[in-house]
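As structure tokens, the structure follows; a few thoughts come after it.
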Amino acid sequence: MANTAPPVNQKELFGHPIGLFILFFTEMWERFSYYGMRAILVLYLVSATTEGNAGLGWTQVEALALYGWYTMLVYVVSIPGGILADKVFGQKKAVLIGGIILVIGHGILAVEEMWAFYTGLGLIIAGVGLLKPNISTMVGGLYREGDIRRDKGFTIFYIGINVGAFLSSIIVGTVGEVYGWHYGFGLAGIAMALGLLVYLWGQKYLTNVGNLLSKVERDEGASLGKLFADLFNSPMQLVITLILFGGSIWGMFTMGIAYGVLFIFLTLVVAMMMMVYKDLTTQVMKDRYVVMLLSFILVIVFWGAFEQAGGLMNIYALDNTNRTIPFNLPLGIGNEIPASWFQSLNAMFIIIFGVLVANFWAKRKLKSKEASSIFKMAIGVIIMGFGFVFMVFAALQFETNGSSAMYWLVFAYLFHTIGELCSSPVALSFITKLAPVKYASLMMGVYFAATGLGNKVAGELGAFAAEAGDIAIFSGITIFTVTFASIVLIMLKPLKRLTHGAEDNEREMMEQEPYELADTEIKR
């Protein structure tokens, strides 16, 4: 994606363009609003309607099902959000529109009516879809190609993300749990309004970034229309697509319209992927494409387990964890730690261990030891999977004592974060190395779809815990993730051969590509 080249003499602050700090504070407040709302969403859904701080009184199954749909759509809608920025608005205007929609969405959530609840969620999904895939791209556009400050600029940007995520779980979580859920939703809206005001004020520092491309540039790249038109001239791919489409229609009647639409969407993704493979002209491209597909599966598995954090593990902290401490916290909190505070552990551990883990892999690579992307992704899945062992111990302690200790959750989030630090930063980078240049943008979209599908899987697994039990779900996640990633490690040598040296000529840079808390970003 092209951007207007930034001027050489643009104003700077601390050695970076001032525009970086405009985007820093915009994204910090946006992530504050998103993760703050996410921290209390499921807790609000399952809280009894008769309590002083009344929730909706939903069952765990209902709450986690909605959580799965919501977090999935936040990622999936980033695909049309990126397309609209490329073809219609430009990144800068897309971020502005997304920010306005987010302020409205969070504001409506503060209204204690069901119509407001669903409308607010829908607007937040649309707003994040426009803002998220475009704001980090604008960060890259602040620097000329080859500027050695670019990676450091992204590091500064991602500090804002993690600071916002850390503070939001504590501040919004406290307001929501102690003073009222809708006050928490409203506070998230105020935070997003602050981010929008910063963005509007700083437009003069973003003049040459994120503008709409010329018509010639917009018309470049792969055409989805052509891919699907060619499907009708490809008998085998067409038959597979029709079978999957028929299954989707069957799912619509047996599982509901929502699942039917999801299955149709996945059918279209599969059809597109088959046609891309058919269009590839060399065996090297096809081999790398196969490895890329496996990477997508690793992404789904990782987020399907990891995203229990905001769902099942959030409810577990609320209902099954002894959160009592021997002294009273200020601001009327009392001597019980709010359940939502545990959501801040991931961001805190990222800030503490992010550089250490990155340096570990950098030193390992310099010593010519195994440090390929697919190796790191598989190791990350294994470490994250072992984090659920602590949740098994917690569930066993709960069965014995009627409650479990807080340290089990702390250890679980620690392992999940270390796993994320190994896997998430390299996933998108690895996929872009393997993707055919012509289809690079489409594969980024598929990556978002895989991440969203992982979030949906997380919601389904969490909902199933009500029937199967926490011990079965937590141990099952451990067994599956560790087994699956171990199989990938066993296949590592042939998989690396299929990449045909895509990473062989890399040199270790001063700083690795940063990442976001429980999330991913595009650098284009």
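Residues are named by chain letter and number: chains run A, B, ... in the order of the structure tokens, numbers start at 1 in each chain, and ligands are numbered from 1 in the order shown.
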
Can you tell me, as JSON, numbers by chain, what residues are no more than 12 Å from Leu109 of chain A when counting only C-alpha atoms, ignoring any on the same chain fewer than 2 positions away? {"A": [33, 37, 41, 44, 102, 103, 104, 105, 106, 107, 111, 112, 113, 114, 115, 116, 117, 118, 119, 120, 121, 122, 123, 124, 181, 182, 183, 184, 185, 186, 187, 188, 189, 190]}

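These are the residues of segment 224-453 of chain A assigned strand (DSSP E or B) by DSSP from backbone coordinates: Thr321, Thr324, Ile325, Pro326, Phe327, Asn328, Leu329, Gly334, Asn335, Glu336 and Ser404 of chain A.
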
With distances taken over only C-alpha atoms, which of A:Phe166, A:Tyr447, A:Phe411, A:Phe245 is nearest to Gly260 of chain A? A:Phe245

Excluding same-chain residues fewer than 2 positions from Glu420 of chain A, what lies within 9 Å of it counting only C-alpha atoms, as a list of chain:residue names? A:Phe302, A:Phe306, A:Ile350, A:Met377, A:Gly380, A:Val381, A:Ile383, A:Met384, A:Phe415, A:His416, A:Thr417, A:Ile418, A:Cys422, A:Ser423, A:Ser424, A:Pro425, A:Leu517, A:Ala518

Just the selected residues (N, CA, C and O atoms), exported as a PDB file, in the first residue's frame, please.
```
ATOM      1  N   PHE A 302      -3.889 -21.104  18.058  1.00  0.00           N
ATOM      2  CA  PHE A 302      -3.355 -20.242  19.105  1.00  0.00           C
ATOM      3  C   PHE A 302      -4.438 -19.347  19.692  1.00  0.00           C
ATOM      4  O   PHE A 302      -4.650 -19.310  20.904  1.00  0.00           O
ATOM      5  N   PHE A 306      -5.944 -19.000  23.377  1.00  0.00           N
ATOM      6  CA  PHE A 306      -5.524 -17.780  24.073  1.00  0.00           C
ATOM      7  C   PHE A 306      -6.706 -16.911  24.470  1.00  0.00           C
ATOM      8  O   PHE A 306      -6.725 -16.320  25.563  1.00  0.00           O
ATOM      9  N   ILE A 350       3.686  -8.439  28.992  1.00  0.00           N
ATOM     10  CA  ILE A 350       4.257  -8.050  27.700  1.00  0.00           C
ATOM     11  C   ILE A 350       5.295  -6.945  27.892  1.00  0.00           C
ATOM     12  O   ILE A 350       6.394  -6.993  27.337  1.00  0.00           O
ATOM     13  N   MET A 377       6.536 -20.141  16.229  1.00  0.00           N
ATOM     14  CA  MET A 377       5.082 -20.203  16.339  1.00  0.00           C
ATOM     15  C   MET A 377       4.639 -21.469  17.063  1.00  0.00           C
ATOM     16  O   MET A 377       3.764 -21.424  17.942  1.00  0.00           O
ATOM     17  N   GLY A 380       5.540 -21.280  20.710  1.00  0.00           N
ATOM     18  CA  GLY A 380       4.610 -20.365  21.364  1.00  0.00           C
ATOM     19  C   GLY A 380       3.288 -21.042  21.697  1.00  0.00           C
ATOM     20  O   GLY A 380       2.726 -20.838  22.783  1.00  0.00           O
ATOM     21  N   VAL A 381       2.790 -21.864  20.778  1.00  0.00           N
ATOM     22  CA  VAL A 381       1.535 -22.590  21.021  1.00  0.00           C
ATOM     23  C   VAL A 381       1.717 -23.573  22.175  1.00  0.00           C
ATOM     24  O   VAL A 381       0.837 -23.717  23.040  1.00  0.00           O
ATOM     25  N   ILE A 383       3.930 -23.431  24.743  1.00  0.00           N
ATOM     26  CA  ILE A 383       4.057 -22.709  26.016  1.00  0.00           C
ATOM     27  C   ILE A 383       2.693 -22.189  26.461  1.00  0.00           C
ATOM     28  O   ILE A 383       2.310 -22.300  27.637  1.00  0.00           O
ATOM     29  N   MET A 384       1.950 -21.612  25.521  1.00  0.00           N
ATOM     30  CA  MET A 384       0.623 -21.115  25.851  1.00  0.00           C
ATOM     31  C   MET A 384      -0.271 -22.264  26.316  1.00  0.00           C
ATOM     32  O   MET A 384      -1.032 -22.134  27.284  1.00  0.00           O
ATOM     33  N   PHE A 415       2.309 -17.675  31.343  1.00  0.00           N
ATOM     34  CA  PHE A 415       2.657 -18.626  30.281  1.00  0.00           C
ATOM     35  C   PHE A 415       1.980 -18.240  28.972  1.00  0.00           C
ATOM     36  O   PHE A 415       2.581 -18.364  27.896  1.00  0.00           O
ATOM     37  N   HIS A 416       0.742 -17.787  29.033  1.00  0.00           N
ATOM     38  CA  HIS A 416       0.049 -17.369  27.814  1.00  0.00           C
ATOM     39  C   HIS A 416       0.777 -16.208  27.147  1.00  0.00           C
ATOM     40  O   HIS A 416       0.903 -16.151  25.922  1.00  0.00           O
ATOM     41  N   THR A 417       1.277 -15.282  27.969  1.00  0.00           N
ATOM     42  CA  THR A 417       1.979 -14.121  27.414  1.00  0.00           C
ATOM     43  C   THR A 417       3.312 -14.516  26.798  1.00  0.00           C
ATOM     44  O   THR A 417       3.668 -14.042  25.712  1.00  0.00           O
ATOM     45  N   ILE A 418       4.066 -15.389  27.475  1.00  0.00           N
ATOM     46  CA  ILE A 418       5.330 -15.862  26.904  1.00  0.00           C
ATOM     47  C   ILE A 418       5.068 -16.579  25.583  1.00  0.00           C
ATOM     48  O   ILE A 418       5.803 -16.392  24.594  1.00  0.00           O
ATOM     49  N   CYS A 422       6.342 -15.424  21.698  1.00  0.00           N
ATOM     50  CA  CYS A 422       7.056 -16.303  20.762  1.00  0.00           C
ATOM     51  C   CYS A 422       6.337 -16.410  19.423  1.00  0.00           C
ATOM     52  O   CYS A 422       6.973 -16.470  18.374  1.00  0.00           O
ATOM     53  N   SER A 423       5.014 -16.437  19.465  1.00  0.00           N
ATOM     54  CA  SER A 423       4.228 -16.758  18.275  1.00  0.00           C
ATOM     55  C   SER A 423       3.691 -15.551  17.530  1.00  0.00           C
ATOM     56  O   SER A 423       3.903 -15.396  16.325  1.00  0.00           O
ATOM     57  N   SER A 424       3.015 -14.656  18.242  1.00  0.00           N
ATOM     58  CA  SER A 424       2.283 -13.584  17.583  1.00  0.00           C
ATOM     59  C   SER A 424       3.151 -12.604  16.789  1.00  0.00           C
ATOM     60  O   SER A 424       2.782 -12.235  15.677  1.00  0.00           O
ATOM     61  N   PRO A 425       4.312 -12.168  17.310  1.00  0.00           N
ATOM     62  CA  PRO A 425       5.082 -11.175  16.546  1.00  0.00           C
ATOM     63  C   PRO A 425       5.555 -11.651  15.177  1.00  0.00           C
ATOM     64  O   PRO A 425       5.744 -10.851  14.278  1.00  0.00           O
ATOM     65  N   LEU A 517      -0.898  -6.538  22.302  1.00  0.00           N
ATOM     66  CA  LEU A 517      -1.538  -7.387  23.292  1.00  0.00           C
ATOM     67  C   LEU A 517      -2.666  -8.174  22.643  1.00  0.00           C
ATOM     68  O   LEU A 517      -3.614  -7.629  22.130  1.00  0.00           O
ATOM     69  N   ALA A 518      -2.567  -9.491  22.682  1.00  0.00           N
ATOM     70  CA  ALA A 518      -3.626 -10.361  22.234  1.00  0.00           C
ATOM     71  C   ALA A 518      -4.184  -9.949  20.900  1.00  0.00           C
ATOM     72  O   ALA A 518      -5.351 -10.048  20.645  1.00  0.00           O
TER      73      ALA A 518
END
```

Provide the atom CA of Asn401 of chain A to atom CA of Phe342 of chain A distance in Å, to one decimal place.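 So the answer is 21.3 Å.
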
List as a PyMOL selection string the protein and nucleic acid residues near Gly173 of chain A, meaning an atom at most 7 Å away when only C-alpha atoms are counted, but skip any in the same chain fewer than 4 places from it. chain A and resi 36+39-40+169+177+184+340-341

If you keep all heavy atoms, can you produce a file of those selected residues as a PDB file, in the first residue's frame?
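Output saved as again06.pdb:
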```pdb
ATOM      1  N   GLY A  36     -10.906  -2.076  27.727  1.00  0.00           N
ATOM      2  CA  GLY A  36     -11.703  -1.795  28.907  1.00  0.00           C
ATOM      3  C   GLY A  36     -13.095  -2.387  28.785  1.00  0.00           C
ATOM      4  O   GLY A  36     -13.601  -3.042  29.711  1.00  0.00           O
ATOM      5  N   ALA A  39     -12.949  -6.170  28.988  1.00  0.00           N
ATOM      6  CA  ALA A  39     -12.697  -6.701  30.320  1.00  0.00           C
ATOM      7  C   ALA A  39     -13.980  -6.919  31.107  1.00  0.00           C
ATOM      8  O   ALA A  39     -14.062  -7.832  31.950  1.00  0.00           O
ATOM      9  CB  ALA A  39     -11.761  -5.768  31.092  1.00  0.00           C
ATOM     10  N   ILE A  40     -14.994  -6.088  30.856  1.00  0.00           N
ATOM     11  CA  ILE A  40     -16.219  -6.194  31.655  1.00  0.00           C
ATOM     12  C   ILE A  40     -17.401  -6.766  30.872  1.00  0.00           C
ATOM     13  O   ILE A  40     -18.461  -7.020  31.462  1.00  0.00           O
ATOM     14  CB  ILE A  40     -16.621  -4.825  32.242  1.00  0.00           C
ATOM     15  CG1 ILE A  40     -16.935  -3.811  31.137  1.00  0.00           C
ATOM     16  CG2 ILE A  40     -15.525  -4.299  33.164  1.00  0.00           C
ATOM     17  CD1 ILE A  40     -17.450  -2.472  31.669  1.00  0.00           C
ATOM     18  N   SER A 169      -8.030  -2.193  31.810  1.00  0.00           N
ATOM     19  CA  SER A 169      -8.586  -3.311  32.570  1.00  0.00           C
ATOM     20  C   SER A 169      -8.748  -2.943  34.037  1.00  0.00           C
ATOM     21  O   SER A 169      -9.684  -3.400  34.700  1.00  0.00           O
ATOM     22  CB  SER A 169      -7.676  -4.538  32.438  1.00  0.00           C
ATOM     23  OG  SER A 169      -7.591  -4.967  31.096  1.00  0.00           O
ATOM     24  N   GLU A 177     -17.283  -2.779  37.671  1.00  0.00           N
ATOM     25  CA  GLU A 177     -17.643  -3.751  38.712  1.00  0.00           C
ATOM     26  C   GLU A 177     -18.111  -3.092  40.004  1.00  0.00           C
ATOM     27  O   GLU A 177     -18.972  -3.627  40.704  1.00  0.00           O
ATOM     28  CB  GLU A 177     -16.454  -4.654  39.004  1.00  0.00           C
ATOM     29  CG  GLU A 177     -16.131  -5.647  37.891  1.00  0.00           C
ATOM     30  CD  GLU A 177     -15.183  -6.735  38.353  1.00  0.00           C
ATOM     31  OE1 GLU A 177     -15.545  -7.494  39.273  1.00  0.00           O
ATOM     32  OE2 GLU A 177     -14.065  -6.816  37.798  1.00  0.00           O
ATOM     33  N   GLY A 184     -18.917   1.957  33.302  1.00  0.00           N
ATOM     34  CA  GLY A 184     -17.686   1.445  32.683  1.00  0.00           C
ATOM     35  C   GLY A 184     -17.725   1.579  31.174  1.00  0.00           C
ATOM     36  O   GLY A 184     -16.750   2.025  30.546  1.00  0.00           O
ATOM     37  N   SER A 340     -12.008  -8.204  36.776  1.00  0.00           N
ATOM     38  CA  SER A 340     -11.506  -7.636  35.519  1.00  0.00           C
ATOM     39  C   SER A 340     -10.037  -7.242  35.604  1.00  0.00           C
ATOM     40  O   SER A 340      -9.373  -7.108  34.571  1.00  0.00           O
ATOM     41  CB  SER A 340     -12.345  -6.413  35.130  1.00  0.00           C
ATOM     42  OG  SER A 340     -12.377  -5.473  36.184  1.00  0.00           O
ATOM     43  N   TRP A 341      -9.500  -7.057  36.809  1.00  0.00           N
ATOM     44  CA  TRP A 341      -8.100  -6.664  36.939  1.00  0.00           C
ATOM     45  C   TRP A 341      -7.153  -7.711  36.367  1.00  0.00           C
ATOM     46  O   TRP A 341      -6.048  -7.390  35.930  1.00  0.00           O
ATOM     47  CB  TRP A 341      -7.756  -6.414  38.409  1.00  0.00           C
ATOM     48  CG  TRP A 341      -8.215  -5.083  38.914  1.00  0.00           C
ATOM     49  CD1 TRP A 341      -9.205  -4.297  38.372  1.00  0.00           C
ATOM     50  CD2 TRP A 341      -7.725  -4.376  40.056  1.00  0.00           C
ATOM     51  NE1 TRP A 341      -9.379  -3.149  39.110  1.00  0.00           N
ATOM     52  CE2 TRP A 341      -8.474  -3.164  40.153  1.00  0.00           C
ATOM     53  CE3 TRP A 341      -6.753  -4.638  41.011  1.00  0.00           C
ATOM     54  CZ2 TRP A 341      -8.252  -2.237  41.165  1.00  0.00           C
ATOM     55  CZ3 TRP A 341      -6.535  -3.713  42.029  1.00  0.00           C
ATOM     56  CH2 TRP A 341      -7.274  -2.528  42.102  1.00  0.00           C
TER      57      TRP A 341
END
```

Env of Glu62 of chain A: 12 Å cut, atoms = only C-alpha atoms, seq-sep filter 2 positions within chain, self excluded. Answer as a list of chain:residue names.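 Residues meeting the cut-off are A:Val42, A:Leu45, A:Val46, A:Leu56, A:Gly57, A:Trp58, A:Thr59, A:Gln60, A:Leu64, A:Ala65, A:Leu66, A:Tyr67, A:Gly68, A:Trp69, A:Gly311, A:Leu312, A:Gly459, A:Glu460, A:Gly462, A:Ala463, A:Phe464, A:Ala465, A:Ala466.
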
Write a file of the selected residues as a PDB file, in the first residue's frame, keeping N, CA and C atoms.
```
ATOM      1  N   VAL A  42     -18.182  -9.768  29.354  1.00  0.00           N
ATOM      2  CA  VAL A  42     -18.706 -11.074  29.777  1.00  0.00           C
ATOM      3  C   VAL A  42     -19.185 -11.022  31.224  1.00  0.00           C
ATOM      4  N   LEU A  45     -22.561  -9.604  31.252  1.00  0.00           N
ATOM      5  CA  LEU A  45     -23.555 -10.521  30.693  1.00  0.00           C
ATOM      6  C   LEU A  45     -24.007 -11.565  31.706  1.00  0.00           C
ATOM      7  N   VAL A  46     -23.067 -12.071  32.541  1.00  0.00           N
ATOM      8  CA  VAL A  46     -23.408 -13.180  33.440  1.00  0.00           C
ATOM      9  C   VAL A  46     -23.841 -12.712  34.828  1.00  0.00           C
ATOM     10  N   LEU A  56     -27.075  -8.724  32.958  1.00  0.00           N
ATOM     11  CA  LEU A  56     -28.159  -9.246  32.130  1.00  0.00           C
ATOM     12  C   LEU A  56     -28.637 -10.622  32.582  1.00  0.00           C
ATOM     13  N   GLY A  57     -27.864 -11.278  33.459  1.00  0.00           N
ATOM     14  CA  GLY A  57     -28.289 -12.570  33.967  1.00  0.00           C
ATOM     15  C   GLY A  57     -28.235 -13.690  32.957  1.00  0.00           C
ATOM     16  N   TRP A  58     -27.391 -13.563  31.953  1.00  0.00           N
ATOM     17  CA  TRP A  58     -27.261 -14.615  30.952  1.00  0.00           C
ATOM     18  C   TRP A  58     -26.530 -15.819  31.537  1.00  0.00           C
ATOM     19  N   THR A  59     -26.730 -16.956  30.913  1.00  0.00           N
ATOM     20  CA  THR A  59     -25.958 -18.143  31.285  1.00  0.00           C
ATOM     21  C   THR A  59     -24.547 -18.019  30.714  1.00  0.00           C
ATOM     22  N   GLN A  60     -23.643 -18.838  31.241  1.00  0.00           N
ATOM     23  CA  GLN A  60     -22.271 -18.838  30.732  1.00  0.00           C
ATOM     24  C   GLN A  60     -22.234 -19.180  29.251  1.00  0.00           C
ATOM     25  N   LEU A  64     -20.662 -16.500  26.543  1.00  0.00           N
ATOM     26  CA  LEU A  64     -19.445 -16.818  25.800  1.00  0.00           C
ATOM     27  C   LEU A  64     -19.720 -16.991  24.306  1.00  0.00           C
ATOM     28  N   ALA A  65     -20.940 -17.392  23.966  1.00  0.00           N
ATOM     29  CA  ALA A  65     -21.310 -17.458  22.546  1.00  0.00           C
ATOM     30  C   ALA A  65     -21.288 -16.056  21.940  1.00  0.00           C
ATOM     31  N   LEU A  66     -21.883 -15.084  22.648  1.00  0.00           N
ATOM     32  CA  LEU A  66     -21.863 -13.705  22.150  1.00  0.00           C
ATOM     33  C   LEU A  66     -20.435 -13.171  22.097  1.00  0.00           C
ATOM     34  N   TYR A  67     -19.651 -13.470  23.125  1.00  0.00           N
ATOM     35  CA  TYR A  67     -18.256 -13.022  23.165  1.00  0.00           C
ATOM     36  C   TYR A  67     -17.496 -13.550  21.944  1.00  0.00           C
ATOM     37  N   GLY A  68     -17.733 -14.809  21.590  1.00  0.00           N
ATOM     38  CA  GLY A  68     -17.071 -15.392  20.417  1.00  0.00           C
ATOM     39  C   GLY A  68     -17.453 -14.695  19.128  1.00  0.00           C
ATOM     40  N   TRP A  69     -18.752 -14.430  18.958  1.00  0.00           N
ATOM     41  CA  TRP A  69     -19.198 -13.726  17.757  1.00  0.00           C
ATOM     42  C   TRP A  69     -18.616 -12.319  17.692  1.00  0.00           C
ATOM     43  N   GLY A 311     -12.982 -14.501  28.094  1.00  0.00           N
ATOM     44  CA  GLY A 311     -14.237 -15.232  28.220  1.00  0.00           C
ATOM     45  C   GLY A 311     -14.261 -16.148  29.423  1.00  0.00           C
ATOM     46  N   LEU A 312     -13.926 -17.429  29.191  1.00  0.00           N
ATOM     47  CA  LEU A 312     -14.029 -18.442  30.238  1.00  0.00           C
ATOM     48  C   LEU A 312     -13.170 -18.108  31.452  1.00  0.00           C
ATOM     49  N   GLY A 459     -14.788 -18.745  21.891  1.00  0.00           N
ATOM     50  CA  GLY A 459     -16.118 -18.593  22.461  1.00  0.00           C
ATOM     51  C   GLY A 459     -16.865 -19.908  22.526  1.00  0.00           C
ATOM     52  N   GLU A 460     -16.746 -20.734  21.480  1.00  0.00           N
ATOM     53  CA  GLU A 460     -17.430 -22.019  21.455  1.00  0.00           C
ATOM     54  C   GLU A 460     -16.868 -22.963  22.528  1.00  0.00           C
ATOM     55  N   GLY A 462     -15.356 -22.072  25.338  1.00  0.00           N
ATOM     56  CA  GLY A 462     -15.763 -21.568  26.636  1.00  0.00           C
ATOM     57  C   GLY A 462     -17.204 -21.922  26.950  1.00  0.00           C
ATOM     58  N   ALA A 463     -18.077 -21.805  25.959  1.00  0.00           N
ATOM     59  CA  ALA A 463     -19.481 -22.149  26.168  1.00  0.00           C
ATOM     60  C   ALA A 463     -19.640 -23.640  26.471  1.00  0.00           C
ATOM     61  N   PHE A 464     -18.826 -24.467  25.841  1.00  0.00           N
ATOM     62  CA  PHE A 464     -18.905 -25.917  26.049  1.00  0.00           C
ATOM     63  C   PHE A 464     -18.494 -26.304  27.467  1.00  0.00           C
ATOM     64  N   ALA A 465     -17.729 -25.439  28.136  1.00  0.00           N
ATOM     65  CA  ALA A 465     -17.268 -25.740  29.499  1.00  0.00           C
ATOM     66  C   ALA A 465     -18.433 -25.900  30.462  1.00  0.00           C
ATOM     67  N   ALA A 466     -19.551 -25.208  30.192  1.00  0.00           N
ATOM     68  CA  ALA A 466     -20.716 -25.331  31.068  1.00  0.00           C
ATOM     69  C   ALA A 466     -21.249 -26.752  31.083  1.00  0.00           C
TER      70      ALA A 466
END
```

Using backbone DSSP assignments, extract all alpha helix (DSSP H) residues from segment 24-265 of chain A; output them as a PyMOL selection string. chain A and resi 24-46+60-76+78-84+91-109+114-141+150-174+181-201+215-218+224-231+235-255+257-265

Neighbours of Leu96 of chain A within 9 Å (only C-alpha atoms; same-chain residues fewer than 3 positions away dropped), as a short mmCIF file (atom, residue, chain, number, x, y, z; two decimals) with all heavy atoms, in the first residue's frame?
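Heads up, here's the output in part05.cif:
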```cif
data_model
loop_
_atom_site.label_atom_id
_atom_site.label_comp_id
_atom_site.auth_asym_id
_atom_site.auth_seq_id
_atom_site.Cartn_x
_atom_site.Cartn_y
_atom_site.Cartn_z
N GLN A 91 -6.49 5.86 4.16
CA GLN A 91 -6.32 5.40 5.54
C GLN A 91 -6.67 6.49 6.55
O GLN A 91 -7.29 6.23 7.58
CB GLN A 91 -4.88 4.94 5.75
CG GLN A 91 -4.46 3.79 4.87
CD GLN A 91 -2.99 3.82 4.57
OE1 GLN A 91 -2.22 4.53 5.20
NE2 GLN A 91 -2.57 3.06 3.56
N LYS A 92 -6.26 7.71 6.28
CA LYS A 92 -6.44 8.80 7.24
C LYS A 92 -7.91 9.06 7.51
O LYS A 92 -8.33 9.19 8.67
CB LYS A 92 -5.75 10.06 6.72
CG LYS A 92 -5.78 11.22 7.70
CD LYS A 92 -4.72 12.25 7.37
CE LYS A 92 -4.81 12.75 5.95
NZ LYS A 92 -3.75 13.73 5.65
N LYS A 93 -8.69 9.13 6.47
CA LYS A 93 -10.12 9.37 6.64
C LYS A 93 -10.82 8.15 7.22
O LYS A 93 -11.77 8.28 8.01
CB LYS A 93 -10.76 9.76 5.30
CG LYS A 93 -12.20 10.23 5.43
CD LYS A 93 -12.76 10.71 4.10
CE LYS A 93 -12.11 12.01 3.66
NZ LYS A 93 -12.75 12.56 2.44
N GLY A 99 -13.07 6.21 14.24
CA GLY A 99 -13.05 6.80 15.57
C GLY A 99 -14.39 7.41 15.95
O GLY A 99 -14.86 7.25 17.09
N ILE A 100 -15.01 8.10 15.01
CA ILE A 100 -16.33 8.70 15.27
C ILE A 100 -17.36 7.60 15.57
O ILE A 100 -18.15 7.71 16.52
CB ILE A 100 -16.78 9.55 14.07
CG1 ILE A 100 -15.86 10.77 13.91
CG2 ILE A 100 -18.23 9.99 14.22
CD1 ILE A 100 -16.09 11.55 12.63
N ILE A 101 -17.35 6.55 14.78
CA ILE A 101 -18.29 5.44 14.99
C ILE A 101 -18.05 4.80 16.35
O ILE A 101 -19.00 4.43 17.06
CB ILE A 101 -18.15 4.40 13.86
CG1 ILE A 101 -18.61 5.00 12.52
CG2 ILE A 101 -18.97 3.15 14.17
CD1 ILE A 101 -18.36 4.10 11.32
N LEU A 130 -12.70 -0.21 10.73
CA LEU A 130 -12.15 0.89 9.93
C LEU A 130 -10.85 1.42 10.51
O LEU A 130 -9.92 1.77 9.78
CB LEU A 130 -13.17 2.03 9.85
CG LEU A 130 -14.29 1.88 8.81
CD1 LEU A 130 -15.34 2.95 9.01
CD2 LEU A 130 -13.73 1.94 7.39
N LEU A 131 -10.76 1.51 11.84
CA LEU A 131 -9.59 2.13 12.45
C LEU A 131 -8.39 1.19 12.54
O LEU A 131 -7.27 1.57 12.19
CB LEU A 131 -9.97 2.64 13.84
CG LEU A 131 -8.94 3.48 14.60
CD1 LEU A 131 -9.63 4.53 15.47
CD2 LEU A 131 -8.03 2.63 15.47
N LEU A 196 -9.99 10.54 19.75
CA LEU A 196 -10.47 11.20 18.53
C LEU A 196 -10.08 12.67 18.52
O LEU A 196 -9.68 13.21 17.47
CB LEU A 196 -11.99 11.05 18.43
CG LEU A 196 -12.65 11.61 17.17
CD1 LEU A 196 -12.12 10.94 15.91
CD2 LEU A 196 -14.18 11.43 17.26
N TYR A 199 -6.51 12.97 17.60
CA TYR A 199 -6.34 12.71 16.17
C TYR A 199 -6.74 13.92 15.33
O TYR A 199 -6.04 14.31 14.38
CB TYR A 199 -7.16 11.49 15.77
CG TYR A 199 -6.94 11.01 14.36
CD1 TYR A 199 -5.74 10.40 13.99
CD2 TYR A 199 -7.93 11.16 13.40
CE1 TYR A 199 -5.54 9.94 12.69
CE2 TYR A 199 -7.73 10.71 12.10
CZ TYR A 199 -6.53 10.11 11.75
OH TYR A 199 -6.33 9.68 10.47
N LEU A 200 -7.86 14.54 15.69
CA LEU A 200 -8.31 15.72 14.95
C LEU A 200 -7.33 16.88 15.12
O LEU A 200 -7.02 17.59 14.16
CB LEU A 200 -9.71 16.13 15.44
CG LEU A 200 -10.86 15.21 15.02
CD1 LEU A 200 -12.13 15.57 15.78
CD2 LEU A 200 -11.09 15.29 13.52
#
```
